[in-house]
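entry-v1.txt (compact mmCIF, C-alpha atoms)
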```txt
# COMPACT_ATOMS: atom_id res chain seq x y z
CA MET A 1 44.20 -33.34 41.18
CA ASN A 2 46.13 -30.29 42.36
CA ALA A 3 45.98 -27.17 40.21
CA PRO A 4 49.04 -26.91 37.95
CA ALA A 5 51.65 -24.25 38.59
CA PRO A 6 51.29 -21.17 36.34
CA ASP A 7 54.52 -22.05 34.56
CA ALA A 8 53.44 -25.65 33.76
CA PRO A 9 53.45 -25.82 29.95
CA ILE A 10 51.11 -27.18 27.35
CA LEU A 11 52.95 -29.91 25.45
CA PHE A 12 52.28 -30.17 21.71
CA PHE A 13 53.46 -33.36 20.04
CA ASP A 14 53.72 -34.21 16.34
CA SER A 15 55.92 -36.20 14.02
CA GLY A 16 57.16 -32.92 12.54
CA LEU A 17 56.07 -29.31 12.17
CA GLY A 18 52.42 -29.89 11.28
CA GLY A 19 51.32 -29.37 14.87
CA LEU A 20 52.29 -25.71 14.53
CA THR A 21 48.90 -25.33 12.80
CA VAL A 22 47.31 -26.30 16.13
CA LEU A 23 49.72 -24.26 18.24
CA GLY A 24 48.82 -21.07 16.34
CA PRO A 25 45.09 -21.01 17.23
CA THR A 26 45.88 -22.11 20.79
CA ARG A 27 48.25 -19.17 21.22
CA ALA A 28 45.44 -16.88 20.06
CA LEU A 29 43.14 -18.17 22.83
CA LEU A 30 45.79 -18.58 25.55
CA PRO A 31 48.40 -15.94 24.74
CA THR A 32 50.51 -16.35 27.90
CA ALA A 33 50.47 -20.15 28.03
CA PRO A 34 53.95 -21.69 28.37
CA ILE A 35 54.63 -23.93 25.36
CA VAL A 36 56.78 -26.96 24.68
CA TYR A 37 56.54 -28.13 21.08
CA ALA A 38 57.94 -31.62 20.45
CA ALA A 39 58.60 -33.06 16.98
CA ASP A 40 59.66 -36.66 16.47
CA TYR A 41 62.03 -36.06 13.55
CA ALA A 42 63.66 -39.44 14.19
CA GLY A 43 60.32 -41.09 13.41
CA LEU A 44 59.03 -38.84 10.59
CA PRO A 45 57.00 -39.65 8.52
CA TYR A 46 54.42 -41.41 10.71
CA GLY A 47 52.03 -42.00 7.84
CA GLN A 48 54.19 -44.77 6.40
CA LYS A 49 54.78 -46.61 9.68
CA SER A 50 52.79 -49.62 10.88
CA GLU A 51 50.06 -49.34 13.47
CA ALA A 52 52.00 -51.60 15.85
CA GLU A 53 55.12 -49.46 15.59
CA LEU A 54 53.26 -46.22 16.32
CA ALA A 55 51.18 -47.76 19.11
CA ALA A 56 54.46 -48.56 20.87
CA ARG A 57 56.54 -45.52 19.87
CA VAL A 58 54.15 -42.66 20.61
CA PRO A 59 53.24 -43.54 24.25
CA ALA A 60 56.88 -44.28 25.08
CA LEU A 61 58.14 -41.00 23.64
CA LEU A 62 55.33 -38.97 25.18
CA GLY A 63 56.07 -40.59 28.52
CA ARG A 64 59.68 -39.33 28.30
CA LEU A 65 58.50 -35.84 27.34
CA VAL A 66 55.94 -35.65 30.14
CA GLU A 67 58.52 -36.78 32.71
CA ARG A 68 61.01 -34.21 31.45
CA TYR A 69 58.78 -31.14 30.99
CA GLN A 70 55.92 -31.79 33.47
CA PRO A 71 53.12 -30.33 31.30
CA ARG A 72 49.63 -29.57 32.56
CA LEU A 73 48.15 -31.05 29.38
CA ALA A 74 49.45 -32.82 26.28
CA VAL A 75 48.16 -32.36 22.75
CA ILE A 76 48.77 -35.05 20.15
CA ALA A 77 48.73 -32.59 17.26
CA CYS A 78 48.95 -35.37 14.68
CA ASN A 79 46.02 -37.19 13.10
CA THR A 80 48.01 -40.35 12.42
CA ALA A 81 49.32 -40.66 15.98
CA SER A 82 45.88 -39.84 17.41
CA THR A 83 43.89 -42.31 15.34
CA ILE A 84 46.34 -45.11 16.19
CA ALA A 85 47.81 -44.37 19.63
CA LEU A 86 45.46 -42.00 21.50
CA SER A 87 43.89 -44.73 23.65
CA HIS A 88 47.34 -46.17 24.45
CA VAL A 89 48.63 -42.74 25.51
CA ARG A 90 45.62 -42.06 27.73
CA ALA A 91 46.06 -45.44 29.40
CA ALA A 92 49.75 -44.78 30.04
CA LEU A 93 49.78 -41.14 31.20
CA ASP A 94 48.02 -39.49 34.12
CA LEU A 95 47.23 -36.08 32.64
CA PRO A 96 44.67 -34.69 30.19
CA ILE A 97 45.39 -35.70 26.60
CA VAL A 98 43.81 -33.91 23.62
CA GLY A 99 43.84 -35.78 20.34
CA THR A 100 43.39 -34.72 16.73
CA VAL A 101 40.86 -36.46 14.52
CA PRO A 102 39.64 -35.75 10.97
CA ALA A 103 36.97 -33.01 10.85
CA ILE A 104 34.38 -35.25 9.19
CA LYS A 105 31.48 -34.01 11.33
CA PRO A 106 31.76 -30.33 10.29
CA ALA A 107 32.44 -31.42 6.69
CA ALA A 108 29.19 -33.40 6.65
CA GLU A 109 27.34 -30.33 7.92
CA LEU A 110 28.88 -28.10 5.25
CA THR A 111 28.57 -30.22 2.11
CA GLN A 112 25.83 -29.37 -0.37
CA SER A 113 26.66 -32.09 -2.88
CA GLY A 114 26.94 -34.89 -0.35
CA VAL A 115 30.49 -35.76 -1.45
CA ILE A 116 33.33 -35.16 1.03
CA GLY A 117 37.04 -35.71 0.48
CA VAL A 118 39.38 -36.76 3.29
CA LEU A 119 43.01 -36.01 2.54
CA GLY A 120 45.44 -37.47 5.07
CA THR A 121 48.44 -39.71 5.45
CA GLU A 122 48.28 -43.27 4.23
CA ALA A 123 48.03 -44.52 7.82
CA THR A 124 45.23 -42.14 8.82
CA VAL A 125 42.92 -42.75 5.88
CA ARG A 126 42.94 -46.54 6.37
CA GLN A 127 42.05 -46.42 10.07
CA PRO A 128 38.77 -47.90 11.36
CA TYR A 129 38.44 -44.66 13.33
CA VAL A 130 37.75 -42.88 10.04
CA ASP A 131 35.14 -45.52 9.20
CA ASP A 132 33.48 -44.87 12.55
CA LEU A 133 33.48 -41.07 12.11
CA SER A 134 32.02 -41.45 8.62
CA ALA A 135 29.29 -43.81 9.80
CA LYS A 136 28.40 -41.60 12.77
CA PHE A 137 28.48 -38.17 11.19
CA ALA A 138 28.31 -38.64 7.40
CA ASP A 139 25.72 -41.37 7.02
CA GLY A 140 24.17 -41.19 3.55
CA LYS A 141 27.04 -39.13 2.19
CA THR A 142 29.96 -40.20 0.03
CA VAL A 143 33.30 -39.98 1.84
CA LEU A 144 36.32 -40.27 -0.46
CA ARG A 145 39.78 -40.83 1.04
CA HIS A 146 43.29 -40.44 -0.23
CA GLY A 147 46.65 -40.79 1.51
CA SER A 148 49.37 -38.42 0.39
CA PRO A 149 52.80 -38.78 2.04
CA GLY A 150 54.19 -36.22 -0.40
CA LEU A 151 52.18 -33.42 1.21
CA VAL A 152 53.91 -33.99 4.55
CA THR A 153 57.30 -33.63 2.87
CA GLY A 154 56.06 -30.60 0.95
CA ALA A 155 54.78 -28.87 4.09
CA GLU A 156 58.08 -29.39 5.90
CA ALA A 157 59.93 -28.05 2.85
CA LYS A 158 57.70 -24.97 2.64
CA LEU A 159 58.44 -24.04 6.26
CA ARG A 160 62.15 -24.28 5.52
CA GLY A 161 61.66 -21.84 2.64
CA GLU A 162 62.16 -24.46 -0.07
CA ALA A 163 60.16 -24.82 -3.27
CA ILE A 164 57.20 -27.21 -3.41
CA ASP A 165 56.86 -29.55 -6.36
CA PRO A 166 53.49 -28.65 -8.00
CA ALA A 167 53.13 -32.29 -9.08
CA VAL A 168 52.82 -33.32 -5.43
CA ILE A 169 49.83 -31.02 -4.97
CA ALA A 170 48.28 -32.16 -8.26
CA ARG A 171 48.65 -35.85 -7.37
CA ALA A 172 47.05 -35.36 -3.99
CA VAL A 173 43.99 -33.62 -5.41
CA ALA A 174 43.71 -36.10 -8.30
CA GLY A 175 43.73 -38.92 -5.76
CA LEU A 176 40.34 -37.66 -4.58
CA ARG A 177 38.94 -36.20 -7.79
CA ASP A 178 39.61 -39.32 -9.87
CA GLN A 179 37.51 -41.54 -7.62
CA PRO A 180 33.84 -42.19 -8.51
CA GLY A 181 31.87 -39.11 -7.44
CA GLY A 182 35.02 -37.04 -7.07
CA SER A 183 33.87 -34.41 -9.55
CA ASP A 184 30.99 -33.54 -7.18
CA MET A 185 33.19 -33.10 -4.10
CA ASP A 186 32.64 -29.72 -2.47
CA VAL A 187 34.40 -30.09 0.91
CA VAL A 188 37.85 -31.54 1.62
CA VAL A 189 38.95 -32.41 5.14
CA LEU A 190 42.66 -31.77 5.69
CA ALA A 191 43.16 -34.79 7.93
CA CYS A 192 46.83 -34.16 8.69
CA THR A 193 48.02 -31.18 10.70
CA HIS A 194 50.79 -30.64 8.13
CA PHE A 195 48.34 -30.02 5.30
CA PRO A 196 46.98 -26.58 6.36
CA LEU A 197 50.54 -25.34 5.85
CA LEU A 198 49.80 -25.93 2.15
CA GLN A 199 46.35 -24.32 2.27
CA ASP A 200 47.05 -21.84 -0.54
CA GLU A 201 48.52 -24.45 -2.87
CA LEU A 202 45.74 -26.95 -2.23
CA GLN A 203 42.99 -24.33 -2.59
CA ALA A 204 44.39 -23.27 -5.95
CA ALA A 205 44.40 -26.91 -7.07
CA VAL A 206 40.85 -27.79 -5.96
CA GLY A 207 39.35 -24.49 -7.14
CA PRO A 208 37.20 -21.85 -5.44
CA ASP A 209 34.08 -24.04 -5.25
CA VAL A 210 35.64 -26.56 -2.86
CA ARG A 211 36.01 -25.69 0.80
CA LEU A 212 39.04 -26.90 2.76
CA ILE A 213 38.55 -27.48 6.49
CA ASP A 214 40.62 -28.77 9.38
CA GLY A 215 40.10 -29.22 13.11
CA ALA A 216 42.76 -26.90 14.53
CA GLU A 217 40.46 -24.20 15.93
CA GLY A 218 38.22 -26.82 17.53
CA ILE A 219 41.25 -28.39 19.19
CA ALA A 220 42.34 -24.98 20.49
CA ARG A 221 38.89 -24.44 21.99
CA ARG A 222 39.08 -27.85 23.66
CA ILE A 223 42.46 -26.99 25.18
CA ALA A 224 41.07 -23.69 26.48
CA TYR A 225 38.05 -25.49 27.97
CA LEU A 226 40.16 -28.13 29.75
CA THR A 227 42.45 -25.49 31.26
CA GLU A 228 39.70 -23.02 32.18
CA GLY A 229 40.27 -21.47 35.61
CA GLN A 230 43.91 -22.52 35.78
CA GLY A 231 46.66 -20.03 36.55
CA TRP A 232 48.82 -18.66 33.75
CA PRO A 233 51.86 -16.38 33.72
CA THR A 234 51.06 -12.68 33.50
CA ALA A 235 53.18 -12.33 30.36
CA ALA A 236 54.07 -14.73 27.59
CA ALA A 237 57.45 -16.40 27.77
CA PRO A 238 59.11 -17.70 24.60
CA GLY A 239 58.38 -21.36 23.96
CA LEU A 240 60.70 -24.32 23.54
CA ALA A 241 60.89 -26.70 20.57
CA VAL A 242 62.22 -30.21 21.15
CA PHE A 243 63.31 -32.52 18.33
CA THR A 244 64.28 -36.17 18.49
CA ARG A 245 67.73 -36.65 16.97
CA SER A 246 67.81 -37.62 13.30
CA ALA A 247 70.96 -38.00 11.22
CA GLU A 248 68.98 -37.37 8.03
CA ARG A 249 66.83 -34.49 9.23
CA PRO A 250 68.28 -31.62 11.27
CA PRO A 251 65.92 -29.23 13.08
CA PRO A 252 64.62 -26.32 11.03
CA PRO A 253 66.12 -22.85 11.34
CA LEU A 254 64.97 -21.13 14.51
CA ALA A 255 63.52 -18.34 12.34
CA THR A 256 60.90 -20.85 11.16
CA LEU A 257 59.62 -21.24 14.71
CA VAL A 258 59.85 -17.66 15.99
CA PRO A 259 56.46 -16.64 14.47
CA TYR A 260 54.90 -19.32 16.69
CA GLY A 261 56.43 -17.85 19.86
CA ILE A 262 59.35 -20.30 20.05
CA ASP A 263 62.90 -19.08 20.63
CA ARG A 264 64.82 -22.18 21.75
CA ILE A 265 65.54 -25.64 20.31
CA GLU A 266 66.61 -28.75 22.19
CA LEU A 267 67.54 -32.19 20.86
CA ILE A 268 66.71 -35.38 22.73
```
Any chance you could give the structure as structure tokens?
Amino acid sequence: MNAPAPDAPILFFDSGLGGLTVLGPTRALLPTAPIVYAADYAGLPYGQKSEAELAARVPALLGRLVERYQPRLAVIACNTASTIALSHVRAALDLPIVGTVPAIKPAAELTQSGVIGVLGTEATVRQPYVDDLSAKFADGKTVLRHGSPGLVTGAEAKLRGEAIDPAVIARAVAGLRDQPGGSDMDVVVLACTHFPLLQDELQAAVGPDVRLIDGAEGIARRIAYLTEGQGWPTAAAPGLAVFTRSAERPPPPLATLVPYGIDRIELI
């Protein structure tokens, strides 16, 4: 494979704005990397869609984005899309693809009580992929799961500067705590890239003795490793955000994206 041109971007893909939590750490490691951030607002929320629908939708949409923006690497910055469609995307596209999976391995290494919570979307927490991660890395430990679509909505609202319903946070935490063994839980995996946007609210709800973890920094390190030795621009150029058209959900204000190095919005 020929080396990519210095201006070839990294493409970040998510159903909404959750992937910004992966873009942030990547920017810290690769400060001059060109960025295209794509959000499928026409398909949000992914967590309530069927596996068959996402297995068809995600590769098709990513194929359009790759053809249009010619990235050097694509990041599926969405746990739901990754756990369902990652293999389909890799089979369809001829470029490196980085997925996002629940951080069960580091959670198993951190827990002292042996009880881990996995907080994700409804689609993510029911995936066999999560079973496999639990069996491989958390054998002998209790892994509790809860799907919370309300947290995705809450995270999007927070980025738009809107108030978050405290009941949404309380229900999400209770969904783990109220399960057998939940009172002993000392680590919670935020298994949706939207959820770290609500880190402060979730930490206040679980209390200081429970650690919240996610995989964003590990994903950023993986991106840096896969692009090691490649050429980059000498200075950072503002990134582009692309949204699929949705009658119900307009793109967020540009001011929401500027802190992530994005200064333009396109609709497709």
| request: Find the residues near Pro259 (chain A): any atom within 12 Å, counting only C-alpha atoms, skip ones fewer than 3 places away on the same chain, and give them as a list in words. | output: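 Those residues are Leu20, Thr21, Leu23, Gly24, Arg27, Leu159, Pro238, Gly239, Pro253, Leu254, Ala255, Thr256, Ile262 and Asp263 of chain A.
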Please, could you write that set of residues out with C-alpha atoms as a PDB file, in the frame of the given file?
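To be explicit, this is the file written out as result37.pdb:
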```
ATOM      1  CA  LEU A  20      52.290 -25.710  14.530  1.00  0.00           C
ATOM      2  CA  THR A  21      48.900 -25.330  12.800  1.00  0.00           C
ATOM      3  CA  LEU A  23      49.720 -24.260  18.240  1.00  0.00           C
ATOM      4  CA  GLY A  24      48.820 -21.070  16.340  1.00  0.00           C
ATOM      5  CA  ARG A  27      48.250 -19.170  21.220  1.00  0.00           C
ATOM      6  CA  LEU A 159      58.440 -24.040   6.260  1.00  0.00           C
ATOM      7  CA  PRO A 238      59.110 -17.700  24.600  1.00  0.00           C
ATOM      8  CA  GLY A 239      58.380 -21.360  23.960  1.00  0.00           C
ATOM      9  CA  PRO A 253      66.120 -22.850  11.340  1.00  0.00           C
ATOM     10  CA  LEU A 254      64.970 -21.130  14.510  1.00  0.00           C
ATOM     11  CA  ALA A 255      63.520 -18.340  12.340  1.00  0.00           C
ATOM     12  CA  THR A 256      60.900 -20.850  11.160  1.00  0.00           C
ATOM     13  CA  ILE A 262      59.350 -20.300  20.050  1.00  0.00           C
ATOM     14  CA  ASP A 263      62.900 -19.080  20.630  1.00  0.00           C
TER      15      ASP A 263
END
```
| From the list A:Asp209, A:Glu228, A:Asp165, A:Glu156, which residue is nearest Pro196 (chain A) when using all atoms listed in the file? | A:Glu156
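The smallest atom-to-atom distance between Ser183 (chain A) and any of A:Thr124, A:Asn2, A:Thr227, A:Ser113, using only C-alpha atoms, is found for A:Ser113.
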| Shortest interatomic distance to Arg249 (chain A) - which of A:Ile35, A:Val89, A:Ala157, A:Leu197, counting only C-alpha atoms |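 Under the stated criterion, the closest residue is A:Ala157.
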| query | If you count all atoms listed in the file, which residues fall within 7 Å of Phe195 (chain A), apart from same-chain ones fewer than 4 positions away, as JSON, numbers by chain? | reply | {"A": [151, 152, 155, 190, 199]}
| note | Expressed in Å, the length from CA of Thr244 (chain A) to CA of Arg126 (chain A) is 26.6 Å
| field | Of the listed residues A:Gly47, A:Leu65, A:Gly182, A:Gly231, that which approaches Ser148 (chain A) most closely, counting all atoms listed in the file | value | A:Gly47
| field | Contacts of Ala8 (chain A) within 12 Å, only C-alpha atoms, excl. fewer than 2 positions in-chain, as number ranges by chain | value | A: 3-6, 10-11, 32-36, 66, 68-74, 227, 230-233, 237, 239
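Omitting Pro31 (chain A) and its sequence neighbours fewer than 5 positions away, and counting only C-alpha atoms, the residues within 9 Å are Thr26, Ala235 and Ala236 of chain A.
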| remark: The distance between CA of Arg171 (chain A) and CA of His194 (chain A) is 16.5 Å
Is there a way to complete region 64-88 of chain A with N, CA, C and O atoms and then write that out as a PDB file, keeping the file's coordinate frame?
```pdb
ATOM      1  N   ARG A  64      58.406 -40.008  28.048  1.00  0.00           N
ATOM      2  CA  ARG A  64      59.680 -39.330  28.300  1.00  0.00           C
ATOM      3  C   ARG A  64      59.497 -37.811  28.344  1.00  0.00           C
ATOM      4  O   ARG A  64      60.061 -37.114  29.199  1.00  0.00           O
ATOM      5  N   LEU A  65      58.705 -37.290  27.414  1.00  0.00           N
ATOM      6  CA  LEU A  65      58.500 -35.840  27.340  1.00  0.00           C
ATOM      7  C   LEU A  65      57.736 -35.327  28.557  1.00  0.00           C
ATOM      8  O   LEU A  65      58.056 -34.260  29.103  1.00  0.00           O
ATOM      9  N   VAL A  66      56.726 -36.066  28.977  1.00  0.00           N
ATOM     10  CA  VAL A  66      55.940 -35.650  30.140  1.00  0.00           C
ATOM     11  C   VAL A  66      56.802 -35.674  31.402  1.00  0.00           C
ATOM     12  O   VAL A  66      56.745 -34.755  32.234  1.00  0.00           O
ATOM     13  N   GLU A  67      57.628 -36.705  31.537  1.00  0.00           N
ATOM     14  CA  GLU A  67      58.520 -36.780  32.710  1.00  0.00           C
ATOM     15  C   GLU A  67      59.501 -35.612  32.714  1.00  0.00           C
ATOM     16  O   GLU A  67      59.786 -35.026  33.761  1.00  0.00           O
ATOM     17  N   ARG A  68      59.977 -35.253  31.543  1.00  0.00           N
ATOM     18  CA  ARG A  68      61.010 -34.210  31.450  1.00  0.00           C
ATOM     19  C   ARG A  68      60.443 -32.805  31.623  1.00  0.00           C
ATOM     20  O   ARG A  68      61.058 -31.961  32.287  1.00  0.00           O
ATOM     21  N   TYR A  69      59.272 -32.524  31.036  1.00  0.00           N
ATOM     22  CA  TYR A  69      58.780 -31.140  30.990  1.00  0.00           C
ATOM     23  C   TYR A  69      57.568 -30.885  31.885  1.00  0.00           C
ATOM     24  O   TYR A  69      57.153 -29.727  32.009  1.00  0.00           O
ATOM     25  N   GLN A  70      56.998 -31.926  32.484  1.00  0.00           N
ATOM     26  CA  GLN A  70      55.920 -31.790  33.470  1.00  0.00           C
ATOM     27  C   GLN A  70      54.779 -30.878  32.964  1.00  0.00           C
ATOM     28  O   GLN A  70      54.436 -29.876  33.609  1.00  0.00           O
ATOM     29  N   PRO A  71      54.185 -31.183  31.819  1.00  0.00           N
ATOM     30  CA  PRO A  71      53.120 -30.330  31.300  1.00  0.00           C
ATOM     31  C   PRO A  71      51.819 -30.483  32.076  1.00  0.00           C
ATOM     32  O   PRO A  71      51.595 -31.488  32.757  1.00  0.00           O
ATOM     33  N   ARG A  72      50.965 -29.481  31.959  1.00  0.00           N
ATOM     34  CA  ARG A  72      49.630 -29.570  32.560  1.00  0.00           C
ATOM     35  C   ARG A  72      48.678 -30.350  31.653  1.00  0.00           C
ATOM     36  O   ARG A  72      47.654 -30.853  32.125  1.00  0.00           O
ATOM     37  N   LEU A  73      49.011 -30.418  30.373  1.00  0.00           N
ATOM     38  CA  LEU A  73      48.150 -31.050  29.380  1.00  0.00           C
ATOM     39  C   LEU A  73      49.008 -31.369  28.169  1.00  0.00           C
ATOM     40  O   LEU A  73      49.949 -30.627  27.874  1.00  0.00           O
ATOM     41  N   ALA A  74      48.716 -32.477  27.498  1.00  0.00           N
ATOM     42  CA  ALA A  74      49.450 -32.820  26.280  1.00  0.00           C
ATOM     43  C   ALA A  74      48.489 -32.885  25.107  1.00  0.00           C
ATOM     44  O   ALA A  74      47.365 -33.388  25.228  1.00  0.00           O
ATOM     45  N   VAL A  75      48.941 -32.379  23.985  1.00  0.00           N
ATOM     46  CA  VAL A  75      48.160 -32.360  22.750  1.00  0.00           C
ATOM     47  C   VAL A  75      48.876 -33.223  21.724  1.00  0.00           C
ATOM     48  O   VAL A  75      50.021 -32.935  21.369  1.00  0.00           O
ATOM     49  N   ILE A  76      48.213 -34.273  21.261  1.00  0.00           N
ATOM     50  CA  ILE A  76      48.770 -35.050  20.150  1.00  0.00           C
ATOM     51  C   ILE A  76      48.296 -34.364  18.881  1.00  0.00           C
ATOM     52  O   ILE A  76      47.195 -34.620  18.382  1.00  0.00           O
ATOM     53  N   ALA A  77      49.112 -33.442  18.395  1.00  0.00           N
ATOM     54  CA  ALA A  77      48.730 -32.590  17.260  1.00  0.00           C
ATOM     55  C   ALA A  77      49.072 -33.282  15.948  1.00  0.00           C
ATOM     56  O   ALA A  77      49.723 -32.709  15.066  1.00  0.00           O
ATOM     57  N   CYS A  78      48.622 -34.514  15.826  1.00  0.00           N
ATOM     58  CA  CYS A  78      48.950 -35.370  14.680  1.00  0.00           C
ATOM     59  C   CYS A  78      47.802 -36.343  14.497  1.00  0.00           C
ATOM     60  O   CYS A  78      47.484 -37.106  15.421  1.00  0.00           O
ATOM     61  N   ASN A  79      47.149 -36.298  13.345  1.00  0.00           N
ATOM     62  CA  ASN A  79      46.020 -37.190  13.100  1.00  0.00           C
ATOM     63  C   ASN A  79      46.437 -38.649  13.107  1.00  0.00           C
ATOM     64  O   ASN A  79      45.737 -39.510  13.655  1.00  0.00           O
ATOM     65  N   THR A  80      47.572 -38.962  12.494  1.00  0.00           N
ATOM     66  CA  THR A  80      48.010 -40.350  12.420  1.00  0.00           C
ATOM     67  C   THR A  80      48.261 -40.916  13.808  1.00  0.00           C
ATOM     68  O   THR A  80      47.769 -41.994  14.166  1.00  0.00           O
ATOM     69  N   ALA A  81      49.039 -40.195  14.620  1.00  0.00           N
ATOM     70  CA  ALA A  81      49.320 -40.660  15.980  1.00  0.00           C
ATOM     71  C   ALA A  81      48.044 -40.769  16.806  1.00  0.00           C
ATOM     72  O   ALA A  81      47.879 -41.703  17.598  1.00  0.00           O
ATOM     73  N   SER A  82      47.125 -39.817  16.633  1.00  0.00           N
ATOM     74  CA  SER A  82      45.880 -39.840  17.410  1.00  0.00           C
ATOM     75  C   SER A  82      44.998 -41.020  17.043  1.00  0.00           C
ATOM     76  O   SER A  82      44.466 -41.712  17.918  1.00  0.00           O
ATOM     77  N   THR A  83      44.811 -41.246  15.743  1.00  0.00           N
ATOM     78  CA  THR A  83      43.890 -42.310  15.340  1.00  0.00           C
ATOM     79  C   THR A  83      44.430 -43.688  15.706  1.00  0.00           C
ATOM     80  O   THR A  83      43.662 -44.635  15.849  1.00  0.00           O
ATOM     81  N   ILE A  84      45.746 -43.813  15.874  1.00  0.00           N
ATOM     82  CA  ILE A  84      46.340 -45.110  16.190  1.00  0.00           C
ATOM     83  C   ILE A  84      46.652 -45.253  17.683  1.00  0.00           C
ATOM     84  O   ILE A  84      46.385 -46.302  18.283  1.00  0.00           O
ATOM     85  N   ALA A  85      47.206 -44.211  18.299  1.00  0.00           N
ATOM     86  CA  ALA A  85      47.810 -44.370  19.630  1.00  0.00           C
ATOM     87  C   ALA A  85      47.121 -43.607  20.744  1.00  0.00           C
ATOM     88  O   ALA A  85      47.558 -43.709  21.897  1.00  0.00           O
ATOM     89  N   LEU A  86      46.057 -42.856  20.466  1.00  0.00           N
ATOM     90  CA  LEU A  86      45.460 -42.000  21.500  1.00  0.00           C
ATOM     91  C   LEU A  86      45.029 -42.806  22.724  1.00  0.00           C
ATOM     92  O   LEU A  86      45.306 -42.422  23.868  1.00  0.00           O
ATOM     93  N   SER A  87      44.360 -43.936  22.509  1.00  0.00           N
ATOM     94  CA  SER A  87      43.890 -44.730  23.650  1.00  0.00           C
ATOM     95  C   SER A  87      45.066 -45.292  24.452  1.00  0.00           C
ATOM     96  O   SER A  87      45.020 -45.363  25.687  1.00  0.00           O
ATOM     97  N   HIS A  88      46.151 -45.660  23.767  1.00  0.00           N
ATOM     98  CA  HIS A  88      47.340 -46.170  24.450  1.00  0.00           C
ATOM     99  C   HIS A  88      47.980 -45.075  25.302  1.00  0.00           C
ATOM    100  O   HIS A  88      48.428 -45.335  26.425  1.00  0.00           O
TER     101      HIS A  88
END
```
